[in-house]
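To start, the structure itself, in structure tokens.
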Number of protein chains: 2
Amino acid sequence: MIRPLRLGIAGLGTVGTGVVNIIRNHAGMLQLRGTCPVGISAVSARSKSRNRGVDLSGTAWEDDPVALATRDDVDVFVELMGGADGPALAATKAALAAGKHVVTANKAMLAHHGQTLAEAAESASVNLRFEAAVAGGIPVIKVLAEGLVGNRITRIMGVMNGTCNYILTRMETAGLPYEEAFAEAGALGFLEADPNLDVGGIDAAHKLVLLAAVGFGTRVDFASAELQGIGTISIEDIETAAELGYRIKLLGVAAMGDAGLEQTMMPALVPCNSPLGRLEGGTNMVVIEGDSVGQVVLRGAGAGQGPTASAVVGDVMDIARGIRLPVFGQAAASLVKAEPARSSARSAWYIRLALRDRAGTLARLAGALSEAGVSIDRLRQKAHANDSAPVVIVTHPARRTRIDAVLEAISATGDATTPPIALRIVEM
Amino acid sequence: MIRPLRLGIAGLGTVGTGVVNIIRNHAGMLQLRGTCPVGISAVSARSKSRNRGVDLSGTAWEDDPVALATRDDVDVFVELMGGADGPALAATKAALAAGKHVVTANKAMLAHHGQTLAEAAESASVNLRFEAAVAGGIPVIKVLAEGLVGNRITRIMGVMNGTCNYILTRMETAGLPYEEAFAEAGALGFLEADPNLDVGGIDAAHKLVLLAAVGFGTRVDFASAELQGIGTISIEDIETAAELGYRIKLLGVAAMGDAGLEQTMMPALVPCNSPLGRLEGGTNMVVIEGDSVGQVVLRGAGAGQGPTASAVVGDVMDIARGIRLPVFGQAAASLVKAEPARSSARSAWYIRLALRDRAGTLARLAGALSEAGVSIDRLRQKAHANDSAPVVIVTHPARRTRIDAVLEAISATGDATTPPIALRIVEM
């Protein structure tokens, strides 16, 4: 008789219910593939009485997730409660201390406590796995930590927040201003309780810093990530970008260069007809570039019950199969604290300005660009609105520091009626 | 002192040299990630004297790959010779019998002997891994066997032969007839010694049947795969497809349905603006559909030194990390012998006919379609060439059996001057 792998699942929302369903419905298949049965010993959630459409009558109930995590009949603690701290963190720590494996979908907790938790897991010789925390159903952590392990990873890019993609798409296709598209997303239940997690890029940046840690062998460093939300994007930006052949996406870029580690989560222009530019709705995409493999692109559903549960079960099955790996692909103690760096890569930039209608503004703008050594690929001035002329510049490839210098110089002239915006143009 | 993992590499062509390079150049990184050093004990190749640009002075040489595979100082036999039988098969069998792990890039060997070799590996409790055999640098076997293990896989599609993609692209962009594009591919060294491996779809079908075995838990069954090469595709087909919004790709489809397992490697029409339709050159794409995850799309280089070596090293590192998995994702003895089935899925079809210029042909064609219950979405008759009128029909979704009935009926009328061709239209 082979001993089953026994799960304790904390959190029975959409994802938790999905995990229960897969384990119940595919028991035979999972046993064949995992060499042992996978069972659910106990569960925990906020409300015991809520009807979730799954039969939990034969499963023990715990009100306290910490009690669940440390039960004798639990081998793997499956943390699906969410939240960077609080019960999720307490129960995860308790599980690791009790020598239980942990599988979690909690990007916020790992982005903030990844190093501590990885050290705890490794000193207890258990797994802490988090495939479901990044890009939903796409097994990107596995691809990065295992499949592409022979590569020096140079760059990771990702569109990993479906809500932002939804809002930008609605602005584009229905011509809604940002505020209306945002309200619509809220009405549809797409927004987190704190909407800034979505539209401020925080949720997507949580995912990006986890990818960076695995890809570059660095300590998770959310504090150094540079974030810019999508709230400053106007319909005009989206329309102008489209005229130029681009779409605006909330794009994460993590790159390791001579100056250190760049981690940015910002709106960027990507070519309409590129894989990134063609993404719609909740579909996520991660682009990984390595020194041997070149570019690998992964696309799939970034959220939702089935895809996220698929990732959780993948992690559970790795444990059932006896796979034991360091949390971030190499021993936590060997992860390097990377120097945070602004992007040193040259790229073209989209600069949007609103310039006062007075003498010499265009000359001063041209002067600021010239002074910073930034040359213009295309410039458009549209019809005046009130006393302000909308000007869009597409630059030739330039480093970010030079673009920052241009923006500062323009602000110093007093010619701009609203703060200028610069968005990176990412070709692929 | 941690014991190193010691490799014996047979075959020092492009891929073998690439593997040596990664292991030499990234020794420190691999040790950090793999928890032990990876070294090369011995190598074997056809010519000892050839300059490969890598220093092998400290490495033992074996003329005989079987001797290499069974050396006491070899833990992992890396088979990069190729060929379904002969020395590759002999050395692989010898390695497994001697209790050595095997990593191979040899799709032909596995397509023909996968079940036997898997049984041998599993009875010796060693790994037999083949990530490099399918889709080059894309870690698709890992994604399918591990990341998506919680899914009932429903369909796998892939464009996995760069040479065919090259020929079709040259026909499209340079207007070359098939024969000229084929000759050009040969001159560039893109064709296998037996070109039918490429253009006949055999090489790509080898990959497809391995994916099917892993995805569906079935025994590798190359003999039942249906193959149709690209040699029947004309410039006119490519042009007409483009006018209709499609591109022609050599597309593999493996699907498990009620009737059994479909495995087809055939030219198909895919939408120009879909991920499959936008593939260029040697880039491969694999689309995996599972009951929980939905659709996952993977894109990357399908061949070449770096990408293929990346996949080989990924497998080696899994072994260094102590990962032990059944060859096809579940015990070889539990793999089912699937009933081969023709496609039961309904799809639209592209039918190209050359009809004799005589009375009643179009009526008989319409009758054949009507008789088979196939309705027409679009029909085009182009200008006559000689006594023959080129007619293209796009059908509404229909099962393959009905399309076959149409083709037979048309052939029976004697109206067709050349054999009619039907290509599936695959939306995504």
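Following the order of the structure tokens, chains are lettered A, B, ..., residues in each are numbered from 1, and ligands are numbered from 1.
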
All residues 10 Å or closer to stretch 13-25 of chain B, only C-alpha atoms, same chain fewer than 3 positions away omitted, as a PyMOL selection string:
(chain A and resi 150-152+291-292) or (chain B and resi 9-10+28-31+37-40+43-46+52-56+78-81+105+132+303-313)

Print the selection's residues with C-alpha atoms to a file, as a JSON list (two decimals), in the first residue's frame.
```json
[["chain", "number", "residue", "atom", "x", "y", "z"],
["A", 150, "GLY", "CA", 21.32, 25.94, -18.43],
["A", 151, "ASN", "CA", 20.92, 29.53, -19.54],
["A", 152, "ARG", "CA", 22.30, 32.77, -18.24],
["A", 291, "ASP", "CA", 22.11, 33.19, -23.68],
["A", 292, "SER", "CA", 21.70, 29.74, -25.25],
["B", 9, "ILE", "CA", 28.69, 12.55, -24.55],
["B", 10, "ALA", "CA", 28.32, 10.61, -27.81],
["B", 28, "GLY", "CA", 29.72, 27.79, -11.46],
["B", 29, "MET", "CA", 26.14, 28.69, -12.27],
["B", 30, "LEU", "CA", 25.20, 25.07, -12.90],
["B", 31, "GLN", "CA", 26.79, 23.94, -9.64],
["B", 37, "PRO", "CA", 29.29, 20.03, -10.18],
["B", 38, "VAL", "CA", 28.61, 18.66, -13.66],
["B", 39, "GLY", "CA", 31.63, 17.27, -15.47],
["B", 40, "ILE", "CA", 32.38, 15.52, -18.74],
["B", 43, "VAL", "CA", 33.27, 11.78, -25.36],
["B", 44, "SER", "CA", 32.82, 9.89, -28.59],
["B", 45, "ALA", "CA", 32.31, 11.00, -32.17],
["B", 46, "ARG", "CA", 32.99, 9.86, -35.71],
["B", 52, "ARG", "CA", 35.36, 21.60, -33.04],
["B", 53, "GLY", "CA", 36.55, 24.74, -31.33],
["B", 54, "VAL", "CA", 36.30, 23.16, -27.87],
["B", 55, "ASP", "CA", 39.16, 21.92, -25.76],
["B", 56, "LEU", "CA", 38.67, 18.23, -25.05],
["B", 78, "VAL", "CA", 24.20, 11.91, -23.48],
["B", 79, "GLU", "CA", 23.19, 10.53, -26.87],
["B", 80, "LEU", "CA", 23.51, 13.12, -29.64],
["B", 81, "MET", "CA", 24.38, 10.88, -32.60],
["B", 105, "ALA", "CA", 17.87, 14.54, -28.61],
["B", 132, "ALA", "CA", 15.84, 18.26, -26.88],
["B", 303, "ALA", "CA", 16.67, 23.96, -33.73],
["B", 304, "GLY", "CA", 20.21, 25.26, -33.64],
["B", 305, "GLN", "CA", 23.15, 24.81, -31.35],
["B", 306, "GLY", "CA", 22.18, 26.99, -28.40],
["B", 307, "PRO", "CA", 18.50, 26.12, -28.11],
["B", 308, "THR", "CA", 18.98, 22.38, -28.48],
["B", 309, "ALA", "CA", 21.93, 22.33, -26.09],
["B", 310, "SER", "CA", 19.83, 24.35, -23.63],
["B", 311, "ALA", "CA", 17.26, 21.54, -23.65],
["B", 312, "VAL", "CA", 19.92, 18.84, -23.19],
["B", 313, "VAL", "CA", 21.44, 20.70, -20.25]]
```

Please produce, as a Markdown table, a per-residue contact table for chain B versus chain A (criterion: any atom at most 8 Å away, only C-alpha atoms considered), showing the nearest atom pair and its distance in Å to one decimal, sorted by chain then residue number.
```
| residue | atom | partner | partner_atom | distance |
| --- | --- | --- | --- | --- |
| B:Ile22 | CA | A:Gly150 | CA | 7.0 |
| B:His26 | CA | A:Gly150 | CA | 7.7 |
| B:Leu30 | CA | A:Gly150 | CA | 6.8 |
| B:Leu32 | CA | A:Gln330 | CA | 5.9 |
| B:Arg33 | CA | A:Gln330 | CA | 4.6 |
| B:Gly34 | CA | A:Gln330 | CA | 7.4 |
| B:Thr35 | CA | A:Gln330 | CA | 7.8 |
| B:Gly137 | CA | A:Val293 | CA | 5.5 |
| B:Ile138 | CA | A:Val296 | CA | 6.7 |
| B:Pro139 | CA | A:Gly147 | CA | 5.3 |
| B:Lys142 | CA | A:Gly147 | CA | 6.8 |
| B:Val143 | CA | A:Pro139 | CA | 6.5 |
| B:Glu146 | CA | A:Gly314 | CA | 6.3 |
| B:Gly147 | CA | A:Gly314 | CA | 5.1 |
| B:Leu148 | CA | A:Gly314 | CA | 6.0 |
| B:Val149 | CA | A:Gly314 | CA | 5.7 |
| B:Gly150 | CA | A:Val313 | CA | 5.6 |
| B:Asn151 | CA | A:Ser310 | CA | 6.7 |
| B:Arg152 | CA | A:His26 | CA | 8.0 |
| B:Asn273 | CA | A:Asn273 | CA | 7.9 |
| B:Pro275 | CA | A:Pro275 | CA | 7.2 |
| B:Asp291 | CA | A:Gly306 | CA | 7.8 |
| B:Ser292 | CA | A:Gly306 | CA | 4.2 |
| B:Val293 | CA | A:Pro307 | CA | 4.0 |
| B:Gly294 | CA | A:Pro307 | CA | 6.8 |
| B:Gln295 | CA | A:Gly300 | CA | 6.0 |
| B:Val296 | CA | A:Gly300 | CA | 4.6 |
| B:Val297 | CA | A:Arg299 | CA | 5.0 |
| B:Leu298 | CA | A:Leu298 | CA | 4.8 |
| B:Arg299 | CA | A:Val297 | CA | 5.0 |
| B:Gly300 | CA | A:Val296 | CA | 4.5 |
| B:Ala301 | CA | A:Gly294 | CA | 7.2 |
| B:Gln305 | CA | A:Ser292 | CA | 8.0 |
| B:Gly306 | CA | A:Ser292 | CA | 4.2 |
| B:Pro307 | CA | A:Val293 | CA | 4.0 |
| B:Thr308 | CA | A:Val293 | CA | 7.5 |
| B:Ala309 | CA | A:Ser292 | CA | 7.5 |
| B:Ser310 | CA | A:Gly150 | CA | 5.6 |
| B:Ala311 | CA | A:Gly147 | CA | 6.8 |
| B:Val313 | CA | A:Gly150 | CA | 5.6 |
| B:Gly314 | CA | A:Gly147 | CA | 5.1 |
| B:Asp315 | CA | A:Gly147 | CA | 7.5 |
| B:Met317 | CA | A:Val149 | CA | 7.3 |
| B:Asp318 | CA | A:Glu146 | CA | 7.0 |
| B:Arg321 | CA | A:Leu325 | CA | 7.3 |
| B:Gly322 | CA | A:Ile323 | CA | 7.4 |
| B:Ile323 | CA | A:Ile323 | CA | 5.5 |
| B:Arg324 | CA | A:Ile323 | CA | 7.5 |
| B:Leu325 | CA | A:Arg321 | CA | 7.3 |
| B:Gly329 | CA | A:Arg33 | CA | 6.0 |
| B:Gln330 | CA | A:Arg33 | CA | 4.6 |
| B:Ala331 | CA | A:Leu32 | CA | 7.4 |
| B:Ser334 | CA | A:Leu32 | CA | 7.6 |
```

Based on the selection just made, write C-alpha atoms of those residues as a PDB file, in the first residue's frame.
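Now in out-v6.pdb:
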```
ATOM      1  CA  ILE B  22      27.442  25.403 -21.723  1.00  0.00           C
ATOM      2  CA  HIS B  26      28.560  28.026 -16.913  1.00  0.00           C
ATOM      3  CA  LEU B  30      25.205  25.068 -12.902  1.00  0.00           C
ATOM      4  CA  LEU B  32      24.818  26.568  -7.719  1.00  0.00           C
ATOM      5  CA  ARG B  33      21.588  25.535  -9.382  1.00  0.00           C
ATOM      6  CA  GLY B  34      22.174  21.811  -9.427  1.00  0.00           C
ATOM      7  CA  THR B  35      23.730  21.322  -5.992  1.00  0.00           C
ATOM      8  CA  GLY B 137      14.783  24.995 -26.935  1.00  0.00           C
ATOM      9  CA  ILE B 138      11.121  25.061 -25.882  1.00  0.00           C
ATOM     10  CA  PRO B 139      10.806  22.986 -22.700  1.00  0.00           C
ATOM     11  CA  LYS B 142       8.534  19.444 -19.068  1.00  0.00           C
ATOM     12  CA  VAL B 143       5.501  21.713 -19.445  1.00  0.00           C
ATOM     13  CA  GLU B 146       5.033  18.256 -15.141  1.00  0.00           C
ATOM     14  CA  GLY B 147       3.595  21.774 -15.286  1.00  0.00           C
ATOM     15  CA  LEU B 148       0.258  20.732 -16.802  1.00  0.00           C
ATOM     16  CA  VAL B 149       0.145  17.305 -15.125  1.00  0.00           C
ATOM     17  CA  GLY B 150      -3.182  18.145 -13.436  1.00  0.00           C
ATOM     18  CA  ASN B 151      -4.943  18.471 -16.772  1.00  0.00           C
ATOM     19  CA  ARG B 152      -6.744  16.006 -18.958  1.00  0.00           C
ATOM     20  CA  ASN B 273      -2.937  36.980 -37.703  1.00  0.00           C
ATOM     21  CA  PRO B 275       0.109  32.967 -33.288  1.00  0.00           C
ATOM     22  CA  ASP B 291      -9.388  20.771 -19.375  1.00  0.00           C
ATOM     23  CA  SER B 292      -8.359  23.104 -16.553  1.00  0.00           C
ATOM     24  CA  VAL B 293      -5.663  25.311 -18.022  1.00  0.00           C
ATOM     25  CA  GLY B 294      -7.383  26.068 -21.318  1.00  0.00           C
ATOM     26  CA  GLN B 295      -4.876  26.905 -24.022  1.00  0.00           C
ATOM     27  CA  VAL B 296      -1.151  27.348 -23.425  1.00  0.00           C
ATOM     28  CA  VAL B 297       1.055  28.475 -26.314  1.00  0.00           C
ATOM     29  CA  LEU B 298       4.819  28.022 -26.331  1.00  0.00           C
ATOM     30  CA  ARG B 299       7.099  29.617 -28.908  1.00  0.00           C
ATOM     31  CA  GLY B 300      10.852  29.414 -29.377  1.00  0.00           C
ATOM     32  CA  ALA B 301      13.727  28.312 -31.562  1.00  0.00           C
ATOM     33  CA  GLN B 305      23.152  24.809 -31.349  1.00  0.00           C
ATOM     34  CA  GLY B 306      22.183  26.992 -28.397  1.00  0.00           C
ATOM     35  CA  PRO B 307      18.500  26.124 -28.113  1.00  0.00           C
ATOM     36  CA  THR B 308      18.977  22.375 -28.484  1.00  0.00           C
ATOM     37  CA  ALA B 309      21.930  22.334 -26.088  1.00  0.00           C
ATOM     38  CA  SER B 310      19.831  24.349 -23.633  1.00  0.00           C
ATOM     39  CA  ALA B 311      17.262  21.541 -23.647  1.00  0.00           C
ATOM     40  CA  VAL B 313      21.442  20.696 -20.248  1.00  0.00           C
ATOM     41  CA  GLY B 314      17.981  21.173 -18.725  1.00  0.00           C
ATOM     42  CA  ASP B 315      17.565  17.396 -18.689  1.00  0.00           C
ATOM     43  CA  MET B 317      20.355  19.346 -14.508  1.00  0.00           C
ATOM     44  CA  ASP B 318      17.100  17.617 -13.600  1.00  0.00           C
ATOM     45  CA  ARG B 321      18.959  17.746  -8.874  1.00  0.00           C
ATOM     46  CA  GLY B 322      17.782  14.229  -8.158  1.00  0.00           C
ATOM     47  CA  ILE B 323      14.573  14.428 -10.151  1.00  0.00           C
ATOM     48  CA  ARG B 324      13.396  10.953 -11.127  1.00  0.00           C
ATOM     49  CA  LEU B 325      10.392  10.687 -13.398  1.00  0.00           C
ATOM     50  CA  GLY B 329       5.113  10.989 -17.419  1.00  0.00           C
ATOM     51  CA  GLN B 330       3.637   7.789 -16.014  1.00  0.00           C
ATOM     52  CA  ALA B 331       4.993   4.257 -15.682  1.00  0.00           C
ATOM     53  CA  SER B 334       0.594   1.892 -17.541  1.00  0.00           C
TER      54      SER B 334
END
```

Which residues are near B:Ala97? Cut-off 10 Å, only C-alpha atoms, ignore same chain within fewer than 6 positions. Put them as a PDB file with N, CA and C atoms, in the first residue's frame.
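And here is the file that came out, part-v8.pdb:
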```
ATOM      1  N   ALA B  69      29.152   4.547 -23.232  1.00  0.00           N
ATOM      2  CA  ALA B  69      27.905   4.519 -22.456  1.00  0.00           C
ATOM      3  C   ALA B  69      28.027   3.694 -21.191  1.00  0.00           C
ATOM      4  N   THR B  70      28.955   2.785 -21.172  1.00  0.00           N
ATOM      5  CA  THR B  70      29.033   1.851 -20.042  1.00  0.00           C
ATOM      6  C   THR B  70      30.271   2.076 -19.173  1.00  0.00           C
ATOM      7  N   ALA B  91      23.891   1.948 -28.131  1.00  0.00           N
ATOM      8  CA  ALA B  91      24.544   2.595 -26.989  1.00  0.00           C
ATOM      9  C   ALA B  91      23.522   2.984 -25.925  1.00  0.00           C
ATOM     10  N   ALA B 120      12.924  -0.280 -20.307  1.00  0.00           N
ATOM     11  CA  ALA B 120      14.294  -0.584 -19.873  1.00  0.00           C
ATOM     12  C   ALA B 120      14.767   0.432 -18.833  1.00  0.00           C
ATOM     13  N   ALA B 121      14.487   1.710 -19.077  1.00  0.00           N
ATOM     14  CA  ALA B 121      14.909   2.753 -18.141  1.00  0.00           C
ATOM     15  C   ALA B 121      14.238   2.570 -16.789  1.00  0.00           C
ATOM     16  N   SER B 123      12.875  -0.140 -15.501  1.00  0.00           N
ATOM     17  CA  SER B 123      13.261  -1.342 -14.741  1.00  0.00           C
ATOM     18  C   SER B 123      14.668  -1.163 -14.168  1.00  0.00           C
ATOM     19  N   ALA B 124      15.475  -0.297 -14.756  1.00  0.00           N
ATOM     20  CA  ALA B 124      16.802  -0.002 -14.186  1.00  0.00           C
ATOM     21  C   ALA B 124      16.748   1.169 -13.204  1.00  0.00           C
ATOM     22  N   VAL B 126      16.393   4.310 -13.772  1.00  0.00           N
ATOM     23  CA  VAL B 126      17.144   5.491 -14.230  1.00  0.00           C
ATOM     24  C   VAL B 126      16.244   6.355 -15.102  1.00  0.00           C
TER      25      VAL B 126
END
```

Closest of B:Val159, B:Leu208, B:Ala422, B:Leu176 to B:Gln263, counting only C-alpha atoms, is B:Leu208

Would you compute the distance between atom CA of A:Val394 and atom CA of A:Tyr166? Give it in Å to one decimal.
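According to the coordinates, atom CA of A:Val394 and atom CA of A:Tyr166 are separated by 25.6 Å.
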
According to DSSP computed on the backbone, where in stretch 188-401 of chain A is there strand (DSSP E)? Give the residues as a short mmCIF file (atom, residue, chain, number, x, y, z; two decimals) with N, CA and C atoms, in the first residue's frame.
```cif
data_model
loop_
_atom_site.label_atom_id
_atom_site.label_comp_id
_atom_site.auth_asym_id
_atom_site.auth_seq_id
_atom_site.Cartn_x
_atom_site.Cartn_y
_atom_site.Cartn_z
N GLU A 226 10.57 49.49 -9.91
CA GLU A 226 10.00 50.79 -10.28
C GLU A 226 8.62 50.56 -10.87
N LEU A 227 7.64 51.25 -10.30
CA LEU A 227 6.26 51.05 -10.74
C LEU A 227 5.68 52.31 -11.33
N TYR A 246 1.44 50.85 -32.72
CA TYR A 246 1.72 50.24 -31.42
C TYR A 246 0.46 50.11 -30.57
N ARG A 247 0.53 49.25 -29.58
CA ARG A 247 -0.48 49.20 -28.52
C ARG A 247 0.21 49.43 -27.18
N ILE A 248 -0.55 49.96 -26.23
CA ILE A 248 0.01 50.23 -24.91
C ILE A 248 -0.37 49.09 -23.97
N LYS A 249 0.61 48.49 -23.35
CA LYS A 249 0.40 47.40 -22.39
C LYS A 249 1.13 47.73 -21.11
N LEU A 250 0.61 47.26 -20.00
CA LEU A 250 1.36 47.34 -18.75
C LEU A 250 2.40 46.22 -18.80
N LEU A 251 3.63 46.60 -19.06
CA LEU A 251 4.69 45.62 -19.36
C LEU A 251 5.72 45.58 -18.25
N GLY A 252 5.99 44.41 -17.76
CA GLY A 252 7.07 44.22 -16.81
C GLY A 252 8.35 43.86 -17.52
N VAL A 253 9.44 44.47 -17.11
CA VAL A 253 10.76 44.13 -17.67
C VAL A 253 11.73 43.93 -16.52
N ALA A 254 12.36 42.79 -16.49
CA ALA A 254 13.45 42.54 -15.54
C ALA A 254 14.67 42.19 -16.36
N ALA A 255 15.75 42.91 -16.11
CA ALA A 255 16.96 42.67 -16.91
C ALA A 255 18.18 42.82 -16.02
N MET A 256 19.16 41.98 -16.26
CA MET A 256 20.40 42.07 -15.48
C MET A 256 21.47 42.66 -16.39
N GLY A 257 21.98 43.78 -15.99
CA GLY A 257 23.02 44.43 -16.79
C GLY A 257 24.24 44.72 -15.94
N GLY A 260 23.48 46.56 -12.78
CA GLY A 260 22.68 45.88 -11.76
C GLY A 260 21.37 45.38 -12.32
N LEU A 261 20.41 45.23 -11.44
CA LEU A 261 19.13 44.62 -11.79
C LEU A 261 18.06 45.67 -12.01
N GLU A 262 17.52 45.67 -13.23
CA GLU A 262 16.38 46.54 -13.54
C GLU A 262 15.10 45.76 -13.35
N GLN A 263 14.16 46.33 -12.63
CA GLN A 263 12.83 45.73 -12.49
C GLN A 263 11.81 46.85 -12.67
N THR A 264 11.19 46.90 -13.82
CA THR A 264 10.21 47.96 -14.06
C THR A 264 8.87 47.35 -14.46
N MET A 265 7.82 47.94 -13.92
CA MET A 265 6.46 47.57 -14.33
C MET A 265 5.79 48.85 -14.74
N MET A 266 5.70 49.07 -16.04
CA MET A 266 5.25 50.36 -16.55
C MET A 266 4.49 50.15 -17.86
N PRO A 267 3.62 51.12 -18.20
CA PRO A 267 3.00 51.05 -19.52
C PRO A 267 4.08 51.23 -20.58
N ALA A 268 3.98 50.48 -21.64
CA ALA A 268 4.95 50.56 -22.72
C ALA A 268 4.24 50.36 -24.04
N LEU A 269 4.87 50.85 -25.11
CA LEU A 269 4.33 50.65 -26.45
C LEU A 269 4.97 49.40 -27.04
N VAL A 270 4.13 48.48 -27.48
CA VAL A 270 4.63 47.28 -28.15
C VAL A 270 3.98 47.22 -29.53
N PRO A 271 4.69 46.65 -30.53
CA PRO A 271 4.14 46.64 -31.89
C PRO A 271 2.80 45.90 -31.92
N THR A 283 -5.51 37.18 -21.00
CA THR A 283 -4.39 36.34 -21.41
C THR A 283 -3.07 36.97 -20.99
N ASN A 284 -2.20 36.19 -20.40
CA ASN A 284 -0.88 36.64 -19.99
C ASN A 284 0.18 36.17 -20.98
N MET A 285 1.28 36.89 -20.98
CA MET A 285 2.41 36.45 -21.80
C MET A 285 3.70 36.75 -21.05
N VAL A 286 4.59 35.79 -21.09
CA VAL A 286 5.92 35.98 -20.51
C VAL A 286 6.95 35.68 -21.59
N VAL A 287 7.91 36.56 -21.74
CA VAL A 287 8.99 36.41 -22.70
C VAL A 287 10.28 36.23 -21.92
N ILE A 288 10.98 35.14 -22.17
CA ILE A 288 12.22 34.86 -21.46
C ILE A 288 13.36 34.82 -22.47
N GLU A 289 14.44 35.54 -22.16
CA GLU A 289 15.58 35.53 -23.07
C GLU A 289 16.81 34.99 -22.34
N GLY A 290 17.43 33.97 -22.93
CA GLY A 290 18.60 33.35 -22.32
C GLY A 290 19.74 33.26 -23.31
N GLY A 294 17.99 31.69 -26.64
CA GLY A 294 17.39 32.81 -27.35
C GLY A 294 16.12 33.23 -26.66
N GLN A 295 15.07 33.43 -27.44
CA GLN A 295 13.81 33.94 -26.87
C GLN A 295 12.76 32.84 -26.82
N VAL A 296 12.19 32.66 -25.64
CA VAL A 296 11.07 31.74 -25.47
C VAL A 296 9.85 32.56 -25.04
N VAL A 297 8.72 32.34 -25.69
CA VAL A 297 7.50 33.08 -25.38
C VAL A 297 6.44 32.10 -24.89
N LEU A 298 5.83 32.44 -23.77
CA LEU A 298 4.80 31.60 -23.17
C LEU A 298 3.51 32.40 -23.06
N ARG A 299 2.41 31.82 -23.47
CA ARG A 299 1.12 32.52 -23.45
C ARG A 299 0.05 31.63 -22.87
N GLY A 300 -0.80 32.18 -22.03
CA GLY A 300 -1.89 31.39 -21.47
C GLY A 300 -2.75 32.25 -20.57
N ALA A 301 -3.78 31.61 -20.00
CA ALA A 301 -4.68 32.33 -19.12
C ALA A 301 -3.95 32.70 -17.84
N ALA A 348 13.70 53.07 -28.23
CA ALA A 348 12.96 54.25 -28.68
C ALA A 348 11.95 54.61 -27.59
N TRP A 349 11.57 55.87 -27.53
CA TRP A 349 10.61 56.34 -26.53
C TRP A 349 9.50 57.14 -27.19
N TYR A 350 8.35 57.02 -26.57
CA TYR A 350 7.18 57.82 -26.93
C TYR A 350 7.07 58.90 -25.86
N ILE A 351 7.15 60.17 -26.28
CA ILE A 351 7.02 61.27 -25.32
C ILE A 351 5.78 62.07 -25.68
N ARG A 352 4.91 62.25 -24.70
CA ARG A 352 3.69 63.02 -24.94
C ARG A 352 3.74 64.29 -24.10
N LEU A 353 3.55 65.40 -24.77
CA LEU A 353 3.65 66.72 -24.12
C LEU A 353 2.40 67.53 -24.41
N ALA A 354 2.07 68.41 -23.49
CA ALA A 354 1.07 69.43 -23.78
C ALA A 354 1.80 70.76 -23.60
N LEU A 355 1.99 71.46 -24.71
CA LEU A 355 2.83 72.66 -24.67
C LEU A 355 1.99 73.93 -24.77
N ARG A 356 2.37 74.91 -23.98
CA ARG A 356 1.72 76.20 -24.00
C ARG A 356 1.86 76.83 -25.39
N ILE A 376 15.23 62.83 -32.80
CA ILE A 376 13.81 62.61 -33.05
C ILE A 376 13.60 61.72 -34.26
N ASP A 377 12.81 60.69 -34.10
CA ASP A 377 12.42 59.87 -35.24
C ASP A 377 11.18 60.45 -35.89
N ARG A 378 10.17 60.72 -35.07
CA ARG A 378 8.93 61.31 -35.58
C ARG A 378 8.41 62.33 -34.58
N LEU A 379 7.81 63.40 -35.08
CA LEU A 379 7.18 64.40 -34.20
C LEU A 379 5.83 64.76 -34.79
N ARG A 380 4.82 64.82 -33.93
CA ARG A 380 3.49 65.22 -34.39
C ARG A 380 2.96 66.27 -33.46
N GLN A 381 2.50 67.35 -34.05
CA GLN A 381 1.74 68.30 -33.24
C GLN A 381 0.32 68.28 -33.73
N SER A 388 -3.32 74.86 -25.24
CA SER A 388 -2.30 73.83 -25.11
C SER A 388 -2.23 73.01 -26.40
N ALA A 389 -0.99 72.77 -26.87
CA ALA A 389 -0.81 72.01 -28.09
C ALA A 389 -0.27 70.62 -27.76
N PRO A 390 -1.03 69.57 -28.11
CA PRO A 390 -0.52 68.22 -27.84
C PRO A 390 0.58 67.86 -28.84
N VAL A 391 1.73 67.50 -28.30
CA VAL A 391 2.86 67.13 -29.14
C VAL A 391 3.31 65.71 -28.75
N VAL A 392 3.52 64.90 -29.76
CA VAL A 392 4.04 63.55 -29.51
C VAL A 392 5.34 63.38 -30.26
N ILE A 393 6.32 62.88 -29.54
CA ILE A 393 7.63 62.62 -30.15
C ILE A 393 7.95 61.14 -30.02
N VAL A 394 8.40 60.55 -31.12
CA VAL A 394 9.01 59.22 -31.03
C VAL A 394 10.50 59.42 -31.24
N THR A 395 11.29 58.99 -30.27
CA THR A 395 12.74 59.22 -30.37
C THR A 395 13.42 58.06 -31.07
#
```

To test your reading of the structure, identify every residue in stretch 234-428 of chain B that backbone DSSP assigns to alpha helix (DSSP H), and report it as a PyMOL selection string.
chain B and resi 235-243+305-320+361-371+400-413

Rounded to one decimal in Å, what is the spacing between atom CA of B:Ala204 and atom CA of B:Glu280?
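Taking atom CA of B:Ala204 and atom CA of B:Glu280, their separation equals 16.1 Å.
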
Long-range neighbours of stretch 181-191 of chain B as a list in words, 10 Å cut-off, only C-alpha atoms, 6 positions minimum in chain:
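My reading of the contact set: Gly162, Thr163, Cys164, Tyr166, Ile167, Leu168, Thr169, Arg170, Met171, Glu172, Ala174, Gly175, Leu197, Asp198, Val199, Gly231 and Gly282 of chain B.
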